[in-house]
>>> print(open('query07.cif').read())   # mmCIF, C-alpha atoms
data_model
#
loop_
_atom_site.label_atom_id
_atom_site.label_comp_id
_atom_site.auth_asym_id
_atom_site.auth_seq_id
_atom_site.Cartn_x
_atom_site.Cartn_y
_atom_site.Cartn_z
CA PRO A 1 86.72 8.07 -122.55
CA VAL A 2 89.76 7.85 -124.78
CA MET A 3 89.64 11.63 -125.25
CA LYS A 4 90.99 12.11 -121.73
CA PHE A 5 94.34 10.73 -122.90
CA HIS A 6 94.76 13.45 -125.51
CA PRO A 7 96.39 16.78 -124.59
CA ALA A 8 94.03 19.74 -124.53
CA ASP A 9 95.63 21.31 -127.62
CA GLU A 10 94.78 18.18 -129.66
CA LEU A 11 91.09 17.82 -128.74
CA ASP A 12 89.67 19.98 -131.53
CA HIS A 13 91.78 18.14 -134.10
CA ILE A 14 90.62 14.74 -132.84
CA GLN A 15 86.98 15.82 -132.76
CA GLU A 16 87.26 17.00 -136.36
CA LYS A 17 88.73 13.66 -137.47
CA LEU A 18 86.06 11.70 -135.59
CA ALA A 19 83.35 13.72 -137.30
CA SER A 20 84.86 12.96 -140.70
CA LEU A 21 84.25 9.24 -140.10
CA ALA A 22 80.61 9.87 -140.87
CA THR A 23 81.52 10.27 -144.55
CA GLU A 24 84.87 8.50 -144.83
CA LYS A 25 85.50 4.78 -144.37
CA ARG A 26 88.83 5.26 -142.68
CA VAL A 27 90.77 8.20 -141.29
CA THR A 28 94.45 8.31 -140.39
CA THR A 29 96.05 11.23 -138.59
CA GLU A 30 98.87 12.13 -136.23
CA SER A 31 98.24 13.33 -132.72
CA ALA A 32 99.59 12.85 -129.20
CA PHE A 33 98.75 10.83 -126.12
CA ILE A 34 99.50 11.57 -122.50
CA ARG A 35 100.98 8.70 -120.52
CA LYS A 36 100.14 8.07 -116.88
CA ASP A 37 103.41 9.71 -115.89
CA GLY A 38 102.41 12.84 -117.81
CA THR A 39 104.82 12.46 -120.70
CA ARG A 40 103.56 13.32 -124.17
CA VAL A 41 103.92 10.66 -126.88
CA PRO A 42 103.43 11.27 -130.61
CA VAL A 43 101.04 8.70 -132.11
CA GLU A 44 99.49 7.80 -135.43
CA ILE A 45 95.79 7.05 -135.15
CA THR A 46 93.71 5.13 -137.67
CA GLY A 47 89.97 5.14 -137.06
CA LYS A 48 87.19 3.20 -138.78
CA MET A 49 83.41 3.43 -138.47
CA LEU A 50 81.67 0.04 -138.20
CA SER A 51 78.24 -0.81 -139.57
CA ASN A 52 76.77 -0.54 -136.05
CA HIS A 53 78.16 3.02 -135.86
CA GLN A 54 80.82 2.07 -133.37
CA ILE A 55 84.35 3.31 -133.95
CA ILE A 56 87.45 1.19 -133.71
CA GLY A 57 90.89 2.72 -133.63
CA LEU A 58 94.50 1.66 -134.00
CA LEU A 59 97.21 3.64 -132.27
CA ARG A 60 100.86 3.45 -133.17
CA ASP A 61 103.71 5.03 -131.23
CA ILE A 62 105.70 7.07 -133.78
CA SER A 63 108.28 8.50 -131.38
CA GLU A 64 111.21 6.93 -133.23
CA ARG A 65 109.91 8.13 -136.59
CA LYS A 66 109.50 11.65 -135.27
CA GLN A 67 112.96 11.58 -133.73
CA ALA A 68 114.46 10.33 -136.98
CA GLY A 69 112.64 13.06 -138.89
CA GLN A 70 113.90 15.74 -136.50
CA ALA A 71 117.43 14.33 -136.71
CA LEU A 72 117.24 14.60 -140.50
CA ILE A 73 116.04 18.21 -140.26
CA ASP A 74 118.87 19.03 -137.83
CA SER A 75 121.39 17.34 -140.12
CA GLU A 76 120.16 19.28 -143.13
CA ARG A 77 120.40 22.54 -141.19
CA LYS A 78 123.98 21.76 -140.17
CA PHE A 79 124.85 20.87 -143.75
CA ARG A 80 123.28 24.11 -145.02
CA SER A 81 125.20 26.11 -142.42
CA LEU A 82 128.51 24.47 -143.39
CA VAL A 83 127.84 25.02 -147.10
CA GLU A 84 126.95 28.68 -146.66
CA GLN A 85 129.85 29.47 -144.34
CA SER A 86 132.49 27.72 -146.43
CA PRO A 87 134.95 30.07 -148.16
CA ASP A 88 135.36 27.41 -150.83
CA GLY A 89 132.91 27.22 -153.66
CA ILE A 90 130.45 24.35 -153.47
CA PHE A 91 128.13 23.39 -156.30
CA MET A 92 125.83 20.45 -156.98
CA VAL A 93 124.21 19.22 -160.16
CA ASP A 94 121.09 17.06 -160.39
CA GLU A 95 120.55 13.95 -162.49
CA ALA A 96 119.60 16.04 -165.54
CA GLY A 97 122.70 18.23 -165.35
CA SER A 98 120.99 21.29 -163.82
CA VAL A 99 122.62 23.30 -161.04
CA VAL A 100 120.82 22.76 -157.72
CA GLU A 101 123.42 24.20 -155.33
CA TRP A 102 125.70 27.23 -155.69
CA ASN A 103 126.91 28.53 -152.36
CA HIS A 104 128.12 31.96 -151.33
CA GLY A 105 131.76 30.92 -151.73
CA GLN A 106 131.09 29.86 -155.30
CA GLU A 107 129.40 33.20 -155.97
CA ASN A 108 132.53 35.02 -154.79
CA ILE A 109 134.93 32.85 -156.78
CA SER A 110 132.99 32.74 -160.04
CA GLY A 111 131.33 36.15 -159.95
CA LEU A 112 128.03 34.43 -160.81
CA LYS A 113 125.08 34.87 -158.48
CA ARG A 114 123.14 31.85 -157.24
CA ASP A 115 119.87 33.09 -158.75
CA ASP A 116 121.53 33.38 -162.17
CA VAL A 117 122.77 29.78 -162.29
CA MET A 118 120.17 27.73 -160.42
CA GLY A 119 118.41 25.36 -162.79
CA LYS A 120 120.84 26.05 -165.64
CA PRO A 121 122.89 23.26 -167.31
CA ILE A 122 126.29 22.93 -165.67
CA TRP A 123 128.05 22.73 -169.04
CA ASP A 124 126.70 26.17 -169.98
CA ILE A 125 127.94 27.64 -166.70
CA HIS A 126 131.32 25.95 -166.98
CA TRP A 127 131.71 27.22 -170.56
CA LYS A 128 130.93 30.81 -169.52
CA LEU A 129 133.68 30.66 -166.91
CA LEU A 130 136.37 29.58 -169.37
CA PRO A 131 138.80 32.19 -170.69
CA GLU A 132 137.17 33.91 -173.65
CA GLU A 133 139.83 32.76 -176.08
CA LEU A 134 138.96 29.12 -175.35
CA ARG A 135 135.20 29.35 -175.78
CA SER A 136 133.80 27.76 -178.92
CA ASP A 137 130.68 25.89 -179.97
CA VAL A 138 132.74 22.73 -180.36
CA LEU A 139 134.09 22.99 -176.82
CA LEU A 140 130.60 23.64 -175.43
CA GLU A 141 129.32 20.47 -177.10
CA ASN A 142 132.29 18.51 -175.74
CA LEU A 143 131.61 19.79 -172.24
CA LYS A 144 127.96 18.78 -172.55
CA GLN A 145 128.83 15.27 -173.69
CA ASN A 146 131.46 14.83 -170.96
CA PHE A 147 129.07 15.88 -168.20
CA LYS A 148 126.29 13.69 -169.59
CA GLU A 149 128.60 10.67 -169.69
CA VAL A 150 129.52 11.25 -166.04
CA LEU A 151 125.84 11.59 -165.08
CA ASP A 152 124.97 8.40 -166.97
CA SER A 153 127.77 6.25 -165.59
CA GLY A 154 128.94 7.91 -162.39
CA ARG A 155 132.47 7.65 -163.76
CA GLY A 156 134.80 9.91 -165.68
CA PRO A 157 138.36 11.21 -165.94
CA GLY A 158 139.34 13.66 -163.24
CA LEU A 159 136.69 12.66 -160.71
CA ASN A 160 137.77 12.63 -157.05
CA LEU A 161 141.10 14.23 -157.97
CA PRO A 162 141.85 17.96 -157.68
CA TYR A 163 142.83 19.71 -160.88
CA GLU A 164 143.70 23.30 -161.69
CA ALA A 165 141.78 25.54 -164.08
CA THR A 166 141.41 29.20 -164.96
CA PHE A 167 138.19 31.18 -164.75
CA GLN A 168 137.61 34.44 -166.57
CA LEU A 169 134.98 36.53 -164.82
CA SER A 170 132.49 38.77 -166.58
CA ASP A 171 134.69 41.82 -165.82
CA GLY A 172 137.63 40.16 -167.61
CA VAL A 173 139.54 39.26 -164.44
CA TYR A 174 141.30 35.89 -164.54
CA ARG A 175 141.15 33.65 -161.50
CA ASN A 176 143.15 30.49 -160.83
CA VAL A 177 141.11 27.76 -159.20
CA GLU A 178 141.48 24.21 -157.96
CA ILE A 179 138.45 22.00 -158.61
CA MET A 180 137.52 18.59 -157.30
CA MET A 181 134.37 16.90 -158.57
CA TYR A 182 132.71 13.71 -157.39
CA THR A 183 129.51 11.80 -158.08
CA TYR A 184 126.96 10.28 -155.75
CA LYS A 185 124.08 7.95 -156.54
CA THR A 186 120.43 8.74 -155.87
CA ASN A 187 117.32 6.64 -156.38
CA VAL A 188 116.88 8.13 -159.86
CA GLY A 189 120.45 8.35 -161.12
CA GLN A 190 123.75 10.13 -160.52
CA ARG A 191 124.45 13.62 -159.22
CA ILE A 192 127.65 15.63 -159.39
CA GLY A 193 129.14 17.65 -156.57
CA GLY A 194 132.10 19.96 -156.74
CA ILE A 195 134.42 21.97 -154.50
CA VAL A 196 136.21 24.98 -155.94
CA ARG A 197 139.10 26.78 -154.24
CA ASP A 198 140.54 30.12 -155.29
CA ILE A 199 144.32 29.61 -155.60
CA THR A 200 145.07 32.87 -157.42
CA GLU A 201 147.23 34.28 -154.63
CA ARG A 202 149.14 31.02 -154.30
CA LYS A 203 149.87 30.93 -158.03
CA GLN A 204 151.00 34.56 -157.96
CA ALA A 205 153.33 33.80 -155.03
CA GLU A 206 154.77 30.80 -156.87
CA GLU A 207 155.35 32.92 -159.96
CA LEU A 208 157.06 35.61 -157.87
CA ILE A 209 159.41 33.00 -156.37
CA ARG A 210 160.27 31.66 -159.81
CA THR A 211 160.96 35.17 -161.07
CA ASN A 212 163.23 35.99 -158.13
CA GLU A 213 165.14 32.73 -158.59
CA ALA A 214 165.70 33.32 -162.30
#
>>> encode(input="query07.cif", output="structure tokens")
Amino acid sequence: PVMKFHPADELDHIQEKLASLATEKRVTTESAFIRKDGTRVPVEITGKMLSNHQIIGLLRDISERKQAGQALIDSERKFRSLVEQSPDGIFMVDEAGSVVEWNHGQENISGLKRDDVMGKPIWDIHWKLLPEELRSDVLLENLKQNFKEVLDSGRGPGLNLPYEATFQLSDGVYRNVEIMMYTYKTNVGQRIGGIVRDITERKQAEELIRTNEA
């Protein structure tokens, strides 16, 4: 009789789960119920076969859980849209120091494609973007240690404050940038996020003003 409360598109699924009780002690699945007013309600059903071959079931209304899950999906989609549409570069680094986000703006500013940096250590990427005359093995090791200290503690000099730097792209072009990095805690450690803004034109304009005033 309980089957009449299930929507027609759920009947095959429910029948399959009921049949599995012949070999399994307990079965839990998600389905839907139809209320008297015709509204559809998502439910979690746990069924158990008794020794007399009768079935008992527990139903739980999971509407709030489903709504929360959908809200999270919608929020993630909005976040992804904002990240991808931002003209500023946005990058994120996981607890091990590997790049897990590199948006389109960051591709344009750095000249490095997302596929080429994802999963790579952030200190390696940062080192490659430094002017060639500054790159050295010693500096690479220093960058690695600095990033690791930030990931370990969630603290470090320059966090949450914008600072200026210079990138040198693979074609030799220099680019002035403003970078702000921050950390955020997860259940397994610290992550690093960063926002990068191309300020090359602004720096050129400032230099032109200084030249004209001289």
>>> resolve_selection(input="query07.cif", expression="the PyMOL selection byres ((chain A and resi 123-128) around 8)", output="PDB file with C-alpha atoms, keeping the file's coordinate frame")
ATOM      1  CA  GLY A  97     122.700  18.230-165.350  1.00  0.00           C
ATOM      2  CA  VAL A 117     122.770  29.780-162.290  1.00  0.00           C
ATOM      3  CA  LYS A 120     120.840  26.050-165.640  1.00  0.00           C
ATOM      4  CA  PRO A 121     122.890  23.260-167.310  1.00  0.00           C
ATOM      5  CA  ILE A 122     126.290  22.930-165.670  1.00  0.00           C
ATOM      6  CA  LEU A 129     133.680  30.660-166.910  1.00  0.00           C
ATOM      7  CA  LEU A 130     136.370  29.580-169.370  1.00  0.00           C
ATOM      8  CA  ARG A 135     135.200  29.350-175.780  1.00  0.00           C
ATOM      9  CA  LEU A 139     134.090  22.990-176.820  1.00  0.00           C
ATOM     10  CA  LEU A 140     130.600  23.640-175.430  1.00  0.00           C
ATOM     11  CA  LEU A 143     131.610  19.790-172.240  1.00  0.00           C
ATOM     12  CA  LYS A 144     127.960  18.780-172.550  1.00  0.00           C
ATOM     13  CA  PHE A 147     129.070  15.880-168.200  1.00  0.00           C
TER      14      PHE A 147
END
>>> resolve_selection(input="query07.cif", expression="the PyMOL selection byres ((chain A and resi 14) around 10)", output="list in words")
Met3, His6, Asp9, Glu10, Leu11, Asp12, His13, Gln15, Glu16, Lys17, Leu18, Ala19, Ser20, Thr29, Glu30, Ser31, Ala32 and Ile45 of chain A
>>> residues_around(input="query07.cif", residues="Ser170 of chain A", least_positions_apart="5", cutoff="12 Å", atoms="only C-alpha atoms", output="number ranges by chain")
A: 109-113, 128-132, 175
>>> write_last_selection(input="query07.cif", atoms="C-alpha atoms", output="PDB file, in the frame of the given file")
ATOM      1  CA  ILE A 109     134.930  32.850-156.780  1.00  0.00           C
ATOM      2  CA  SER A 110     132.990  32.740-160.040  1.00  0.00           C
ATOM      3  CA  GLY A 111     131.330  36.150-159.950  1.00  0.00           C
ATOM      4  CA  LEU A 112     128.030  34.430-160.810  1.00  0.00           C
ATOM      5  CA  LYS A 113     125.080  34.870-158.480  1.00  0.00           C
ATOM      6  CA  LYS A 128     130.930  30.810-169.520  1.00  0.00           C
ATOM      7  CA  LEU A 129     133.680  30.660-166.910  1.00  0.00           C
ATOM      8  CA  LEU A 130     136.370  29.580-169.370  1.00  0.00           C
ATOM      9  CA  PRO A 131     138.800  32.190-170.690  1.00  0.00           C
ATOM     10  CA  GLU A 132     137.170  33.910-173.650  1.00  0.00           C
ATOM     11  CA  ARG A 175     141.150  33.650-161.500  1.00  0.00           C
TER      12      ARG A 175
END
>>> resolve_selection(input="query07.cif", expression="the PyMOL selection byres ((chain A and resi 192) around 8)", output="list in words")
Met92, Val93, Asp94, Glu95, Leu151, Met181, Tyr182, Thr183, Tyr184, Gln190, Arg191, Gly193 and Gly194 of chain A
>>> residues_near_point(input="query07.cif", point="(101.9, 12.9, -131.7)", cutoff="8 Å", atoms="all atoms listed in the file", output="VMD selection string")
chain A and resid 30 to 33 40 to 44 62 to 63
>>> residues_around(input="query07.cif", residues="Leu50 of chain A", least_positions_apart="2", cutoff="12 Å", atoms="all atoms listed in the file", output="NGL selection string")
:A and (21-22 or 24-26 or 47-48 or 52-57)
>>> atom_distance(input="query07.cif", atom1="atom CA of Glu178 of chain A", atom2="atom CA of Val100 of chain A")
20.7 Å
>>> closest_residue(input="query07.cif", among="A:Val99, A:Leu161, A:Leu72, A:Leu82", to="Met180 of chain A", atoms="only C-alpha atoms")
A:Leu161
>>> atom_distance(input="query07.cif", atom1="atom CA of Gly189 of chain A", atom2="atom CA of Lys148 of chain A")
11.6 Å
>>> atom_distance(input="query07.cif", atom1="atom CA of Pro87 of chain A", atom2="atom CA of His104 of chain A")
7.8 Å
>>> closest_residue(input="query07.cif", among="A:Leu59, A:Ala8, A:Ile179, A:Met49", to="Phe167 of chain A", atoms="only C-alpha atoms")
A:Ile179
>>> closest_residue(input="query07.cif", among="A:Val188, A:Asn146, A:Ser136, A:Arg197", to="Glu164 of chain A", atoms="only C-alpha atoms")
A:Arg197
>>> closest_residue(input="query07.cif", among="A:Arg35, A:Lys203, A:Arg155, A:Arg114", to="Asn176 of chain A", atoms="all atoms listed in the file")
A:Lys203
